[in-house]
2 protein chains.
Amino acid sequence: MRALVLSDQLRYTDHPLPTLAEGEALLRVLKAGVCNTDLELIKGYMGFKGVLGHEFVGVLEDWMPSRWVEPRAGVEPGARVVGEINCVACDSPSRTWFARAQDAGRTTVGIFQHDGAFAEYVRLPIANLHKVPDGVSDEEAVFVEPLAAACQILEQVHLKPTDKVSVVGDGKLGLLCAQVIATTGCNLTAWGKHPNKLNILARRGIRTNLVSQWDSSRTADVVIECTGSEGGFETSRQMLRPRGILVQKSTYAGIPQANLTMLVVDEQTLIGSRCGPFEAALRLLEKKQVEVLSLIHARYGLKDGVEALQKAQERGVLKVLLDIA
Amino acid sequence: MRALVLSDQLRYTDHPLPTLAEGEALLRVLKAGVCNTDLELIKGYMGFKGVLGHEFVGVLEDWMPSRWVEPRAGVEPGARVVGEINCVACDSPSRTWFARAQDAGRTTVGIFQHDGAFAEYVRLPIANLHKVPDGVSDEEAVFVEPLAAACQILEQVHLKPTDKVSVVGDGKLGLLCAQVIATTGCNLTAWGKHPNKLNILARRGIRTNLVSQWDSSRTADVVIECTGSEGGFETSRQMLRPRGILVQKSTYAGIPQANLTMLVVDEQTLIGSRCGPFEAALRLLEKKQVEVLSLIHARYGLKDGVEALQKAQERGVLKVLLDIA
């Protein structure tokens with residue numbers, strides 16, 4: 001099959017068709033999305049080699065059922081599906097929190113020891129698959145993975161209607177997080193540096209502001225850090241009130257400096273937040289509670305994938321889609 | 001009065017007797033303890049100038065009662081008292097979490113804009129005072145402030161009987177934290193670099209181990225970071241299981257590097273933890289549930305205070321006491 005493979009550099013090339021183990025499915029990829037993590041991986045994050053791509057929608061072409069795993073409703077050959085990206089073998093003794101640890105045998109699609117979806121086909125555990133409802137288009141379904149990551153914030157923190165919440169960063173993930181948090185009805189402000197990106201939220205009635213307009217008040221009960229930069233982490237921490245909660249979504253290729261002393265002095269809590277619940281993300285899309293299509297900036301075929309990932313690195317570019325089948 | 005005053009350097013010198021405002025009390029200091037924070041302040045932390053000292057026991061000599069504040073039971077002239085160190089004016093509109101913010105007018109005794117207790121007398125809000133029970137000696141009472149900080153861990157995190165908990169760091173605060181956590185009956189190990197310090201815990205039946213003996217397993221549900229070093233932070237994070245909780249007690253004079261990316265990948269929570277409940281600490285001392293006297297390494301008179309603080313900086317030295325009256 002054809003695929004975008006990362007070795008010493010990213011190449012569009014031939015790659016072996018995945019072979020299935022018990023409890024796994026083969027998906028024909030329809031569309032895939034480029035994430036900032038893909039760009040970090042190209043720079044060396046995680047030392048990953050293989051097929052990139054962890055945001056995707058596909059058709060279930062083939063599977064090897066297992067007595068260990070019951071597929072979710074509607075997951076069967078021919079179904080249009082999305083897939084969670086953290087994988088453990090279907091007969092693993094533990095599918096609980098411990099299975100989330102990379103040193104406990106977990107692999108991550110397109111990120112860690114598991115080929116991804118910038119390819120004609122991708123292999124996933126059947127347990128990871130969710131059927132896409134008819135009311136959700138292929139383009140929307142590509143956003144399920146990052147939208148689930150945004151939903152994870154609400155799994156980890158109880159946002160109360162009276163909470164003052166700041167989302168910092170107006171990149172792809174920040175725009176999704178702000179929309180998800182807006183569903184709670186809390187006192188939300190989305191902060192960024194790009195008026196055109198913030199306008200996507202303002203058009204949906206979400207209060208936005210430029211970081212340069214911040215009045216230095218430390219009054220947010222909860223801050224969601226989506227900037228991906230060391231400076232953005234410090235700004236986020238400074239916006240937070242004493243005893244507030246900072247939810248960190250950003251990962252970094254290097255090891256940043258962080259003012260942990262002031263975290264102690266101000267008795268703040270920092271919560272690392274990563275992947276999230278696909279079912280919740282699919283519900284939000286089906287009920288039109290979030291809008292993702294306005295985040296699409298450009299589309300490329302798989303054969304132009306190297307160019308697509310270069311495009312995604314340009315300043316101001318939001319989601320780049322790959323139309324694969 | 002005589003006092004240890006920090007300006008360009010630390011000096012034993014004359015200093016004006018504190019004058020009281022409404023709602024404040026004057027304490028004649030009996031004994032005080034040297035904390036690592038004092039050593040950091042001498043190096044420039046917080047830019048503090050004035051009388052050092054925030055661990056102390058004294059006798060309430062004089063006060064200016066206020067209609068705003070009811071003193072706690074037994075707090076009256078002649079009583080032996082200890083005092084919480086975070087101060088807000090007695091008529092402040094907010095004595096809730098917001099009053100804990102330095103930018104909301106909070107001062108901190110011997111740390112931030114408030115003269116401390118390495119002196120013959122110290123001034124405190126009446127609301128901050130707690131009577132010391134008869135069964136608690138002056139020497140023990142000096143430990144109430146850091147012991148309360150150890151108790152704060154249990155205020156912030158629910159430690160379950162089945163939790164695997166690691167306390168990392170065998171300095172003064174680490175030894176107090178380990179003893180407090182041992183009261184919960186959880187699966188505790190105290191980690192350090194000094195067999196003689198760890199022995200203080202081992203004699204009380206607490207499991208101890210040298211950090212050099214750590215087998216790299218990432219299995220702790222909760223880790224308490226008391227090392228005061230950047231390397232200790234990273235070791236603590238690595239001991240923690242995915243989705244575990246890291247309670248940070250250490251503050252640093254500089255801004256450390258911290259692997260926030262792995263905090264996100266492993267979905268861990270970092271909780272900054274500082275001062276704690278004095279009543280709980282006094283109960284533990286009264287009921288002999290913790291033992292503090294074995295932490296005392298040396299005693300000095302106030303006039304030899306500069307030497308006392310030099311002694312406290314030596315490797316391997318635990319608590320240095322000042323006998324003031």
# chains A, B, ... in the order shown; residues from 1 in each chain; ligands from 1
>>> select_by_dssp(residues="range 62-303 of chain A", states="strand (DSSP E or B)", output="PyMOL selection string")
chain A and resi 62-63+66+69+80-83+86-87+107-108+112+119+121-125+129-131+164-168+187-192+208-210+220-225+240-248+257+269-272+296-301
>>> interface_residues(of="chain B", to="chain A", cutoff="10 Å", atoms="only C-alpha atoms", output="JSON, numbers by chain")
{"B": [97, 98, 99, 100, 101, 102, 103, 156, 217, 218, 219, 228, 230, 233, 241, 242, 243, 244, 245, 246, 247, 248, 249, 250, 251, 252, 253, 254, 255, 256, 257, 258, 259, 260, 261, 262, 263, 264, 265, 266, 267, 268, 269, 270, 271, 272, 273, 274, 275]}
>>> write_last_selection(atoms="C-alpha atoms", output="compact mmCIF listing (two decimals), in the first residue's frame")
# COMPACT_ATOMS: atom_id res chain seq x y z
CA TRP B 97 -8.81 31.52 49.60
CA PHE B 98 -8.34 34.91 48.05
CA ALA B 99 -6.75 36.15 51.25
CA ARG B 100 -4.02 33.61 50.63
CA ALA B 101 -2.82 35.58 47.61
CA GLN B 102 0.15 37.83 48.14
CA ASP B 103 -1.23 40.28 45.63
CA GLN B 156 -5.35 18.10 49.65
CA SER B 217 9.50 0.84 38.82
CA ARG B 218 6.83 3.46 38.22
CA THR B 219 4.21 2.16 40.59
CA GLY B 228 14.22 20.78 47.22
CA GLU B 230 15.41 19.77 40.36
CA PHE B 233 11.54 16.48 41.22
CA ARG B 241 2.43 5.65 38.02
CA PRO B 242 0.42 7.02 35.09
CA ARG B 243 -2.55 9.00 36.44
CA GLY B 244 -0.84 9.26 39.83
CA ILE B 245 -0.59 12.36 42.03
CA LEU B 246 2.64 14.22 42.77
CA VAL B 247 2.43 16.51 45.80
CA GLN B 248 5.13 19.13 45.66
CA LYS B 249 6.39 20.63 48.91
CA SER B 250 9.74 21.92 47.59
CA THR B 251 10.33 25.49 46.58
CA TYR B 252 13.39 26.59 44.63
CA ALA B 253 15.42 29.79 44.53
CA GLY B 254 15.63 29.52 40.71
CA ILE B 255 13.22 28.26 38.04
CA PRO B 256 13.79 24.54 37.47
CA GLN B 257 13.41 22.51 34.30
CA ALA B 258 10.49 20.12 34.60
CA ASN B 259 9.36 17.40 32.19
CA LEU B 260 5.80 18.65 31.73
CA THR B 261 5.45 16.65 28.51
CA MET B 262 5.68 13.34 30.36
CA LEU B 263 3.23 14.73 32.93
CA VAL B 264 0.76 15.07 30.03
CA VAL B 265 1.64 11.74 28.39
CA ASP B 266 1.22 9.98 31.75
CA GLU B 267 -1.84 12.08 32.69
CA GLN B 268 -0.38 12.85 36.11
CA THR B 269 -1.50 15.54 38.54
CA LEU B 270 0.91 17.91 40.29
CA ILE B 271 -0.37 19.62 43.45
CA GLY B 272 1.50 22.55 44.98
CA SER B 273 1.31 22.24 48.77
CA ARG B 274 2.36 24.82 51.33
CA CYS B 275 1.12 25.79 54.80
>>> select_by_dssp(residues="range 68-205 of chain B", states="alpha helix (DSSP H)", output="PyMOL selection string")
chain B and resi 138-141+144-156+172-182+195-202
>>> closest_residue(among="A:Val180, A:Phe118, A:Ser166, A:Gly110", to="Met46 in chain A", atoms="only C-alpha atoms")
A:Gly110
>>> closest_residue(among="A:Val165, A:Met64, A:Ala182, A:Leu6", to="Lys43 in chain A", atoms="only C-alpha atoms")
A:Leu6
>>> residues_around(residues="Leu30 in chain A", least_positions_apart="4", cutoff="7 Å", atoms="only C-alpha atoms", output="list in words")
Val57, Gly58, Asp323, Ile324 and Ala325 of chain A
>>> write_last_selection(atoms="C-alpha atoms", output="short mmCIF file (atom, residue, chain, number, x, y, z; two decimals), in the first residue's frame")
data_model
loop_
_atom_site.label_atom_id
_atom_site.label_comp_id
_atom_site.auth_asym_id
_atom_site.auth_seq_id
_atom_site.Cartn_x
_atom_site.Cartn_y
_atom_site.Cartn_z
CA VAL A 57 -11.91 7.91 9.79
CA GLY A 58 -12.07 4.67 7.86
CA ASP A 323 -8.23 12.85 1.43
CA ILE A 324 -7.08 9.25 1.15
CA ALA A 325 -9.98 7.25 -0.34
#
>>> residues_around(residues="Ala25 in chain B", least_positions_apart="6", cutoff="7 Å", atoms="only C-alpha atoms", output="ChimeraX atom specification")
/B:60,62-64,123-126
>>> write_last_selection(atoms="all heavy atoms", output="CSV table (one decimal), in the first residue's frame")
chain,number,residue,atom,x,y,z
B,60,LEU,N,1.8,35.1,74.8
B,60,LEU,CA,1.0,36.3,74.4
B,60,LEU,C,1.2,37.4,75.5
B,60,LEU,O,0.7,37.2,76.6
B,60,LEU,CB,-0.4,35.9,74.2
B,60,LEU,CG,-1.3,36.8,73.3
B,60,LEU,CD1,-2.6,36.2,73.0
B,60,LEU,CD2,-1.5,38.2,73.9
B,62,ASP,N,0.7,41.0,75.0
B,62,ASP,CA,-0.2,42.1,74.9
B,62,ASP,C,-1.0,42.0,73.6
B,62,ASP,O,-0.6,41.2,72.7
B,62,ASP,CB,0.7,43.4,74.8
B,62,ASP,CG,-0.2,44.7,74.9
B,62,ASP,OD1,-1.3,44.6,75.4
B,62,ASP,OD2,0.4,45.8,74.6
B,63,TRP,N,-2.2,42.6,73.6
B,63,TRP,CA,-3.0,42.6,72.4
B,63,TRP,C,-3.9,43.7,72.3
B,63,TRP,O,-4.2,44.4,73.2
B,63,TRP,CB,-3.7,41.2,72.2
B,63,TRP,CG,-4.8,40.9,73.3
B,63,TRP,CD1,-5.1,41.7,74.4
B,63,TRP,CD2,-5.6,39.8,73.3
B,63,TRP,NE1,-6.1,41.1,75.1
B,63,TRP,CE2,-6.5,39.9,74.5
B,63,TRP,CE3,-5.8,38.7,72.5
B,63,TRP,CZ2,-7.4,39.0,74.8
B,63,TRP,CZ3,-6.7,37.7,72.9
B,63,TRP,CH2,-7.5,37.9,74.0
B,64,MET,N,-4.4,44.0,71.0
B,64,MET,CA,-5.5,45.0,70.8
B,64,MET,C,-6.6,44.3,70.2
B,64,MET,O,-6.7,44.1,69.0
B,64,MET,CB,-5.0,46.0,69.8
B,64,MET,CG,-4.1,47.1,70.5
B,64,MET,SD,-3.6,48.4,69.3
B,64,MET,CE,-5.2,49.1,68.9
B,123,ARG,N,5.0,40.2,66.2
B,123,ARG,CA,3.6,40.7,66.1
B,123,ARG,C,2.8,39.8,65.2
B,123,ARG,O,3.3,39.5,64.1
B,123,ARG,CB,3.7,42.2,65.6
B,123,ARG,CG,2.4,42.8,65.2
B,123,ARG,CD,2.7,44.2,64.5
B,123,ARG,NE,3.4,44.1,63.3
B,123,ARG,CZ,2.9,44.0,62.1
B,123,ARG,NH1,1.5,44.0,62.0
B,123,ARG,NH2,3.6,43.9,61.0
B,124,LEU,N,1.6,39.4,65.6
B,124,LEU,CA,0.8,38.6,64.7
B,124,LEU,C,-0.7,39.0,64.9
B,124,LEU,O,-1.1,39.4,65.9
B,124,LEU,CB,0.9,37.1,65.1
B,124,LEU,CG,2.0,36.3,64.4
B,124,LEU,CD1,3.1,36.1,65.4
B,124,LEU,CD2,1.5,35.0,63.8
B,125,PRO,N,-1.5,38.7,63.8
B,125,PRO,CA,-3.0,38.8,64.0
B,125,PRO,C,-3.4,37.9,65.0
B,125,PRO,O,-3.0,36.7,65.1
B,125,PRO,CB,-3.5,38.5,62.6
B,125,PRO,CG,-2.4,38.7,61.6
B,125,PRO,CD,-1.1,38.3,62.4
B,126,ILE,N,-4.3,38.3,65.9
B,126,ILE,CA,-4.9,37.4,66.9
B,126,ILE,C,-5.6,36.2,66.3
B,126,ILE,O,-5.5,35.1,66.8
B,126,ILE,CB,-6.0,38.2,67.7
B,126,ILE,CG1,-5.3,39.3,68.5
B,126,ILE,CG2,-6.7,37.3,68.7
B,126,ILE,CD1,-6.2,40.3,69.2
>>> residues_around(residues="Gly47 in chain A", least_positions_apart="2", cutoff="12 Å", atoms="only C-alpha atoms", output="MDAnalysis selection string")
chainID A and resid 6:8 38 40:45 49:50 110:113 253
>>> atom_distance(atom1="CA of Leu282 in chain B", atom2="CA of Arg28 in chain B")
19.9 Å
>>> decode(residues="range 103-123 of chain A", atoms="N, CA, C and O atoms", output="compact mmCIF listing (two decimals), in the first residue's frame")
# COMPACT_ATOMS: atom_id res chain seq x y z
N ASP A 103 5.29 1.82 29.33
CA ASP A 103 6.18 0.75 29.76
C ASP A 103 5.42 -0.50 30.18
O ASP A 103 6.00 -1.47 30.63
N ALA A 104 4.10 -0.48 30.04
CA ALA A 104 3.32 -1.69 30.32
C ALA A 104 2.81 -2.29 29.02
O ALA A 104 1.83 -3.00 28.99
N GLY A 105 3.48 -1.98 27.90
CA GLY A 105 3.14 -2.60 26.63
C GLY A 105 2.17 -1.81 25.79
O GLY A 105 1.76 -2.27 24.74
N ARG A 106 1.83 -0.62 26.22
CA ARG A 106 0.92 0.20 25.43
C ARG A 106 1.65 0.72 24.19
O ARG A 106 2.79 1.16 24.27
N THR A 107 0.99 0.69 23.06
CA THR A 107 1.49 1.39 21.88
C THR A 107 0.49 2.48 21.54
O THR A 107 -0.64 2.47 22.03
N THR A 108 0.90 3.44 20.73
CA THR A 108 0.01 4.54 20.37
C THR A 108 0.07 4.73 18.85
O THR A 108 1.17 4.92 18.30
N VAL A 109 -1.09 4.67 18.22
CA VAL A 109 -1.17 4.69 16.75
C VAL A 109 -0.53 5.97 16.19
O VAL A 109 -0.91 7.08 16.56
N GLY A 110 0.46 5.77 15.33
CA GLY A 110 1.11 6.91 14.67
C GLY A 110 2.00 7.73 15.57
O GLY A 110 2.48 8.80 15.17
N ILE A 111 2.23 7.28 16.80
CA ILE A 111 3.02 8.05 17.77
C ILE A 111 4.09 7.20 18.45
O ILE A 111 5.22 7.62 18.65
N PHE A 112 3.72 5.94 18.77
CA PHE A 112 4.66 5.12 19.55
C PHE A 112 4.48 3.65 19.20
O PHE A 112 3.47 3.04 19.55
N GLN A 113 5.44 3.11 18.42
CA GLN A 113 5.51 1.68 18.14
C GLN A 113 4.25 1.10 17.49
O GLN A 113 3.91 -0.07 17.73
N HIS A 114 3.55 1.90 16.70
CA HIS A 114 2.36 1.40 16.01
C HIS A 114 2.14 2.28 14.78
O HIS A 114 1.99 3.50 14.92
N ASP A 115 2.13 1.66 13.58
CA ASP A 115 1.94 2.44 12.36
C ASP A 115 0.61 3.18 12.37
O ASP A 115 -0.41 2.65 12.84
N GLY A 116 0.63 4.38 11.82
CA GLY A 116 -0.53 5.25 11.84
C GLY A 116 -1.35 5.23 10.56
O GLY A 116 -1.25 4.30 9.76
N ALA A 117 -2.15 6.29 10.38
CA ALA A 117 -3.24 6.29 9.40
C ALA A 117 -2.99 7.18 8.19
O ALA A 117 -3.90 7.37 7.38
N PHE A 118 -1.79 7.72 8.03
CA PHE A 118 -1.48 8.43 6.78
C PHE A 118 -1.07 7.35 5.77
O PHE A 118 0.08 7.30 5.30
N ALA A 119 -2.04 6.50 5.44
CA ALA A 119 -1.78 5.32 4.60
C ALA A 119 -3.12 4.83 4.07
O ALA A 119 -4.18 5.24 4.55
N GLU A 120 -3.07 3.93 3.11
CA GLU A 120 -4.32 3.39 2.58
C GLU A 120 -5.03 2.52 3.61
O GLU A 120 -6.26 2.47 3.64
N TYR A 121 -4.25 1.86 4.47
CA TYR A 121 -4.84 0.98 5.48
C TYR A 121 -4.15 1.18 6.83
O TYR A 121 -2.95 1.50 6.88
N VAL A 122 -4.91 0.95 7.90
CA VAL A 122 -4.33 1.01 9.24
C VAL A 122 -4.94 -0.12 10.06
O VAL A 122 -6.10 -0.52 9.86
N ARG A 123 -4.18 -0.66 10.99
CA ARG A 123 -4.55 -1.79 11.83
C ARG A 123 -4.81 -1.28 13.24
O ARG A 123 -4.02 -0.50 13.77
